[in-house]
file start08.txt (compact mmCIF, C-alpha atoms)
# COMPACT_ATOMS: atom_id res chain seq x y z
CA MET A 443 -102.98 6.52 -99.04
CA SER A 444 -103.54 5.47 -102.64
CA GLU A 445 -106.44 3.23 -103.53
CA GLY A 446 -105.72 -0.43 -102.91
CA THR A 447 -102.65 0.25 -100.75
CA GLU A 448 -102.58 -1.65 -97.48
CA PRO A 449 -101.39 0.23 -94.37
CA THR A 450 -97.92 -0.74 -93.19
CA VAL A 451 -98.00 -2.77 -89.98
CA PRO A 452 -94.82 -2.50 -87.89
CA PRO A 453 -93.23 -5.87 -87.13
CA ASP A 454 -93.87 -7.33 -83.68
CA LYS A 455 -91.10 -8.10 -81.20
CA LYS A 456 -90.89 -11.77 -82.11
CA THR A 457 -90.46 -10.97 -85.80
CA LEU A 458 -87.92 -8.25 -85.09
CA ARG A 459 -85.86 -10.54 -82.89
CA ARG A 460 -85.77 -13.18 -85.59
CA GLN A 461 -84.66 -10.60 -88.18
CA LEU A 462 -82.01 -9.09 -85.93
CA ARG A 463 -80.54 -12.45 -84.96
CA ALA A 464 -80.33 -13.39 -88.64
CA GLN A 465 -78.62 -10.08 -89.37
CA ARG A 466 -76.06 -10.71 -86.65
CA ARG A 467 -75.30 -14.17 -88.01
CA PHE A 468 -74.88 -12.75 -91.52
CA LEU A 469 -72.60 -9.86 -90.48
CA ALA A 470 -70.55 -11.72 -87.87
CA PRO A 471 -67.87 -13.00 -90.31
CA GLN A 472 -67.30 -9.41 -91.49
CA ARG A 473 -66.66 -7.99 -88.03
CA ASP A 474 -63.26 -7.47 -86.40
CA ARG A 475 -64.17 -8.61 -82.91
CA SER A 476 -60.85 -7.55 -81.43
CA ALA A 477 -61.27 -4.01 -82.75
CA ASP A 478 -64.92 -3.96 -81.65
CA ALA A 479 -63.93 -5.09 -78.14
CA ASP A 480 -61.31 -2.35 -77.81
CA ALA A 481 -63.68 0.34 -79.13
CA ILE A 482 -66.41 -0.67 -76.69
CA ALA A 483 -63.96 -0.56 -73.78
CA VAL A 484 -62.70 2.90 -74.75
CA ALA A 485 -66.24 4.27 -75.09
CA ALA A 486 -67.31 2.83 -71.74
CA CYS A 487 -64.21 4.26 -70.04
CA ALA A 488 -64.98 7.74 -71.39
CA LEU A 489 -68.61 7.43 -70.33
CA LEU A 490 -67.66 6.34 -66.82
CA ASP A 491 -65.46 9.43 -66.51
CA THR A 492 -68.55 11.63 -66.98
CA LEU A 493 -70.50 10.13 -64.08
CA ALA A 494 -70.83 11.89 -60.76
CA LEU A 495 -70.65 8.91 -58.44
CA SER A 496 -72.36 8.76 -55.08
CA SER A 497 -72.37 5.96 -52.56
CA PRO A 498 -75.49 3.83 -52.06
CA GLY A 499 -77.76 4.19 -49.05
CA THR A 500 -76.35 3.60 -45.60
CA GLY A 501 -75.59 -0.03 -44.99
CA GLU A 502 -76.24 -1.11 -48.59
CA HIS A 503 -73.38 -2.67 -50.57
CA ALA A 504 -70.80 -0.94 -48.39
CA ALA A 505 -67.98 -2.69 -50.28
CA TYR A 506 -68.78 -0.61 -53.37
CA GLU A 507 -68.39 2.80 -51.72
CA ALA A 508 -64.66 3.17 -52.37
CA GLN A 509 -64.88 2.73 -56.15
CA PRO A 510 -67.49 2.67 -58.92
CA CYS A 511 -69.53 -0.46 -59.45
CA VAL A 512 -70.31 -1.39 -63.04
CA ALA A 513 -72.69 -4.14 -64.14
CA ILE A 514 -71.69 -5.82 -67.40
CA TYR A 515 -72.41 -9.20 -68.97
CA ARG A 516 -70.38 -12.02 -70.45
CA SER A 517 -70.96 -11.67 -74.18
CA LEU A 518 -72.06 -14.59 -76.33
CA PRO A 519 -70.29 -15.27 -79.66
CA MET A 520 -72.83 -13.26 -81.68
CA GLU A 521 -72.95 -10.32 -79.25
CA PRO A 522 -70.63 -7.28 -79.21
CA PRO A 523 -67.64 -8.49 -77.20
CA THR A 524 -67.17 -7.44 -73.56
CA ARG A 525 -63.91 -9.11 -72.48
CA ALA A 526 -61.76 -5.99 -73.09
CA LEU A 527 -64.45 -3.99 -71.29
CA ALA A 528 -64.03 -6.12 -68.16
CA GLU A 529 -60.25 -5.80 -68.33
CA MET A 530 -60.48 -2.01 -68.64
CA LEU A 531 -62.84 -1.74 -65.68
CA HIS A 532 -60.63 -3.87 -63.44
CA ALA A 533 -57.63 -1.73 -64.40
CA ARG A 534 -59.35 1.54 -63.35
CA PRO A 535 -60.14 -0.05 -60.78
CA ALA A 536 -63.89 -0.65 -60.55
CA THR A 537 -66.04 -3.32 -58.97
CA VAL A 538 -67.43 -5.40 -61.84
CA ILE A 539 -70.58 -7.48 -61.45
CA VAL A 540 -72.17 -9.89 -63.93
CA PRO A 541 -75.52 -11.70 -63.98
CA GLU A 542 -76.45 -15.35 -63.91
CA THR A 543 -79.80 -16.22 -65.46
CA LEU A 544 -81.98 -18.23 -63.10
CA PRO A 545 -84.55 -20.85 -64.21
CA ASN A 546 -87.34 -18.28 -63.74
CA PHE A 547 -85.48 -15.83 -66.05
CA ASP A 548 -84.56 -13.48 -63.22
CA LEU A 549 -80.95 -12.35 -62.81
CA GLU A 550 -78.73 -13.10 -59.83
CA TRP A 551 -75.49 -11.12 -59.61
CA HIS A 552 -71.96 -11.89 -58.54
CA GLU A 553 -68.66 -10.07 -58.65
CA LEU A 554 -66.35 -10.77 -61.58
CA CYS A 555 -62.71 -11.12 -60.54
CA ALA A 556 -59.88 -9.72 -62.66
CA ASP A 557 -58.85 -13.24 -63.69
CA GLY A 558 -62.36 -13.96 -64.99
CA SER A 559 -63.37 -16.16 -62.08
CA GLU A 560 -66.53 -15.74 -60.07
CA GLY A 561 -66.32 -13.63 -56.91
CA PRO A 562 -68.83 -13.19 -54.07
CA ARG A 563 -72.47 -13.82 -54.89
CA LEU A 564 -74.68 -10.78 -54.40
CA GLY A 565 -78.17 -12.15 -54.98
CA LEU A 566 -81.00 -10.56 -56.92
CA GLU A 567 -80.36 -7.17 -55.30
CA GLY A 568 -76.72 -7.02 -56.41
CA ILE A 569 -77.62 -4.70 -59.28
CA ALA A 570 -78.66 -2.05 -56.74
CA GLY A 571 -74.98 -1.29 -56.16
CA ALA A 572 -74.20 -0.47 -59.81
CA HIS A 573 -73.60 3.13 -60.85
CA LEU A 574 -73.37 2.12 -64.52
CA ILE A 575 -75.32 -0.77 -66.05
CA LEU A 576 -74.06 -2.00 -69.42
CA ALA A 577 -76.76 -4.25 -70.80
CA PRO A 578 -77.07 -6.46 -73.87
CA ALA A 579 -79.66 -5.74 -76.54
CA LEU A 580 -80.60 -6.73 -80.06
CA ALA A 581 -81.51 -3.14 -80.99
CA VAL A 582 -82.23 0.29 -79.50
CA ASP A 583 -84.19 3.13 -81.07
CA HIS A 584 -83.61 6.86 -80.70
CA ASN A 585 -86.20 7.05 -77.91
CA GLY A 586 -84.17 4.63 -75.79
CA THR A 587 -86.47 1.65 -76.34
CA ARG A 588 -84.38 -1.49 -75.92
CA LEU A 589 -85.25 -4.76 -77.63
CA GLY A 590 -83.81 -7.65 -75.61
CA GLN A 591 -83.71 -11.37 -76.21
CA GLY A 592 -87.30 -11.90 -75.07
CA GLY A 593 -87.00 -13.45 -71.63
CA GLY A 594 -87.64 -10.22 -69.73
CA CYS A 595 -84.56 -10.81 -67.56
CA TYR A 596 -83.15 -7.32 -67.73
CA ASP A 597 -86.45 -5.47 -67.50
CA ARG A 598 -87.12 -7.34 -64.26
CA ALA A 599 -83.62 -6.80 -62.88
CA LEU A 600 -83.55 -3.11 -63.83
CA GLY A 601 -86.51 -2.55 -61.53
CA ARG A 602 -84.05 -3.07 -58.65
CA ARG A 603 -81.47 -0.54 -59.85
CA ARG A 604 -80.44 2.49 -57.85
CA PRO A 605 -82.36 5.62 -58.93
CA ASP A 606 -79.31 7.40 -60.36
CA ALA A 607 -77.88 4.42 -62.26
CA LEU A 608 -77.07 5.05 -65.92
CA ILE A 609 -78.41 2.28 -68.18
CA VAL A 610 -76.45 1.80 -71.40
CA ALA A 611 -77.06 -0.82 -74.10
CA ILE A 612 -74.13 -2.25 -76.04
CA ILE A 613 -75.08 -2.97 -79.66
CA ASN A 614 -73.59 -3.02 -83.15
CA ASP A 615 -73.72 0.19 -85.16
CA GLU A 616 -76.51 -0.95 -87.49
CA GLU A 617 -78.67 -1.93 -84.49
CA TYR A 618 -79.06 1.68 -83.28
CA THR A 619 -82.14 2.41 -85.33
CA GLY A 620 -84.15 5.48 -86.21
CA ASP A 621 -87.24 3.29 -86.60
CA GLU A 622 -89.39 3.08 -83.49
CA LEU A 623 -89.26 -0.27 -81.73
CA PRO A 624 -92.30 -1.79 -80.00
CA PHE A 625 -92.59 -0.58 -76.40
CA ASP A 626 -94.58 -2.29 -73.64
CA ALA A 627 -95.46 -0.96 -70.19
CA HIS A 628 -92.89 -3.22 -68.47
CA ASP A 629 -90.01 -2.16 -70.76
CA VAL A 630 -87.23 -0.05 -69.24
CA ARG A 631 -85.73 2.58 -71.52
CA VAL A 632 -81.95 3.02 -71.71
CA HIS A 633 -80.16 6.33 -71.25
CA ALA A 634 -77.43 5.75 -73.84
CA VAL A 635 -75.94 3.28 -76.28
CA ILE A 636 -72.40 2.18 -77.01
CA THR A 637 -71.53 0.98 -80.51
CA PRO A 638 -68.09 -0.01 -81.81
CA GLY A 639 -68.13 2.58 -84.58
CA GLY A 640 -69.98 5.42 -82.88
CA GLY A 641 -68.75 5.22 -79.31
CA SER A 642 -71.24 6.33 -76.67
CA ASP A 643 -74.35 8.32 -77.49
CA ARG A 644 -76.68 9.73 -74.84
CA ILE A 645 -80.42 9.53 -75.59
CA PRO A 646 -82.67 12.42 -74.55
CA ALA A 647 -85.62 11.41 -72.41
CA PRO A 648 -88.86 11.09 -74.42
CA GLY A 649 -90.54 14.48 -74.69
CA SER A 650 -87.40 16.45 -73.82
CA VAL A 651 -85.61 18.86 -76.12
CA ALA A 652 -82.29 17.44 -77.30
call {"tool": "encode", "arguments": {"input": "start08.txt", "output": "structure tokens"}}
result
Amino acid sequence: MSEGTEPTVPPDKKTLRRQLRAQRRFLAPQRDRSADADAIAVAACALLDTLALSSPGTGEHAAYEAQPCVAIYRSLPMEPPTRALAEMLHARPATVIVPETLPNFDLEWHELCADGSEGPRLGLEGIAGAHLILAPALAVDHNGTRLGQGGGCYDRALGRRRPDALIVAIINDEEYTGDELPFDAHDVRVHAVITPGGGSDRIPAPGSVA
């Protein structure tokens, strides 16, 4: 380090979230949301084809045993769009579940019907039936660290997932970063990302050889 040069301090989560939200607002008018939606659906379909599906434990979520269960989310206007994703999953067919954020920032799950209406409520443990969990994020680094919106909803809910569930974050291409993101003990790493331009990309576990 040269004399008089201050060490670089990585931004904290709050600062990063503010920067990433501003970036999304700036780039949103340039995006083709219809094309992004289709690309995300195609990538998720290909990823689902690679999964070796097993049924949950005896007596748990028996309705899911005949077909894959996939957890998605209803995208907000500034998030990568998920409507085509839901349509693709219903056409396979798959059981699709989506979260509802509770006042305490936990997630309660319910089935999403093909017409977009709400199906049976599954409670906090509904995520335990999902083979594939497609989660929102503001950014993901190449170690699988996911930066969420800050409420801790998904980190809490992911603690109830089945052990073999594949966790995948859906983000824009520029949000899959080579810079390390801040990681706390309660954070749950993702196994892969889906981006509109890059499709799906598996992330090696930290310390493994890619």
call {"tool": "closest_residue", "arguments": {"input": "start08.txt", "among": "A:Leu589, A:Ala486, A:Met520, A:Leu623", "to": "Gln472 of chain A", "atoms": "all atoms listed in the file"}}
result
A:Met520
call {"tool": "closest_residue", "arguments": {"input": "start08.txt", "among": "A:Gly592, A:Gly586, A:Pro523, A:Pro535", "to": "Gly620 of chain A", "atoms": "only C-alpha atoms"}}
result
A:Gly586
call {"tool": "atom_distance", "arguments": {"input": "start08.txt", "atom1": "atom CA of Ala611 of chain A", "atom2": "atom CA of Pro578 of chain A"}}
result
5.6 Å
call {"tool": "closest_residue", "arguments": {"input": "start08.txt", "among": "A:Leu489, A:Gln509, A:His633, A:His532", "to": "Ala607 of chain A", "atoms": "all atoms listed in the file"}}
result
A:His633
call {"tool": "residues_around", "arguments": {"input": "start08.txt", "residues": "Val512 of chain A", "least_positions_apart": "6", "cutoff": "7 Å", "atoms": "only C-alpha atoms", "output": "PyMOL selection string"}}
result
chain A and resi 536-539+572-575
call {"tool": "write_last_selection", "arguments": {"input": "start08.txt", "atoms": "C-alpha atoms", "output": "PDB file, in the coordinates of the input"}}
result
ATOM      1  CA  ALA A 536     -63.890  -0.650 -60.550  1.00  0.00           C
ATOM      2  CA  THR A 537     -66.040  -3.320 -58.970  1.00  0.00           C
ATOM      3  CA  VAL A 538     -67.430  -5.400 -61.840  1.00  0.00           C
ATOM      4  CA  ILE A 539     -70.580  -7.480 -61.450  1.00  0.00           C
ATOM      5  CA  ALA A 572     -74.200  -0.470 -59.810  1.00  0.00           C
ATOM      6  CA  HIS A 573     -73.600   3.130 -60.850  1.00  0.00           C
ATOM      7  CA  LEU A 574     -73.370   2.120 -64.520  1.00  0.00           C
ATOM      8  CA  ILE A 575     -75.320  -0.770 -66.050  1.00  0.00           C
TER       9      ILE A 575
END
call {"tool": "closest_residue", "arguments": {"input": "start08.txt", "among": "A:Ala556, A:Ala570, A:Thr457, A:Leu493", "to": "Glu529 of chain A", "atoms": "all atoms listed in the file"}}
result
A:Ala556
call {"tool": "residues_around", "arguments": {"input": "start08.txt", "residues": "Thr587 of chain A", "least_positions_apart": "6", "cutoff": "7 Å", "atoms": "only C-alpha atoms", "output": "PyMOL selection string"}}
result
chain A and resi 623+625+631-632
call {"tool": "residues_around", "arguments": {"input": "start08.txt", "residues": "segment 560-562 of chain A", "least_positions_apart": "3", "cutoff": "10 Å", "atoms": "all atoms listed in the file", "output": "list in words"}}
result
Val538, Ile539, Val540, Trp551, His552, Glu553, Leu554, Cys555, Ala556, Asp557 and Gly565 of chain A
call {"tool": "atom_distance", "arguments": {"input": "start08.txt", "atom1": "atom CA of Leu527 of chain A", "atom2": "atom CA of Thr492 of chain A"}}
result
16.7 Å
call {"tool": "residues_around", "arguments": {"input": "start08.txt", "residues": "Phe547 of chain A", "least_positions_apart": "4", "cutoff": "7 Å", "atoms": "all atoms listed in the file", "output": "VMD selection string"}}
result
chain A and resid 543 593 595
call {"tool": "atom_distance", "arguments": {"input": "start08.txt", "atom1": "atom CA of Ile636 of chain A", "atom2": "atom CA of Arg563 of chain A"}}
result
27.3 Å
call {"tool": "closest_residue", "arguments": {"input": "start08.txt", "among": "A:Ala647, A:Leu490, A:Ala581, A:Ala533", "to": "Ala513 of chain A", "atoms": "all atoms listed in the file"}}
result
A:Leu490
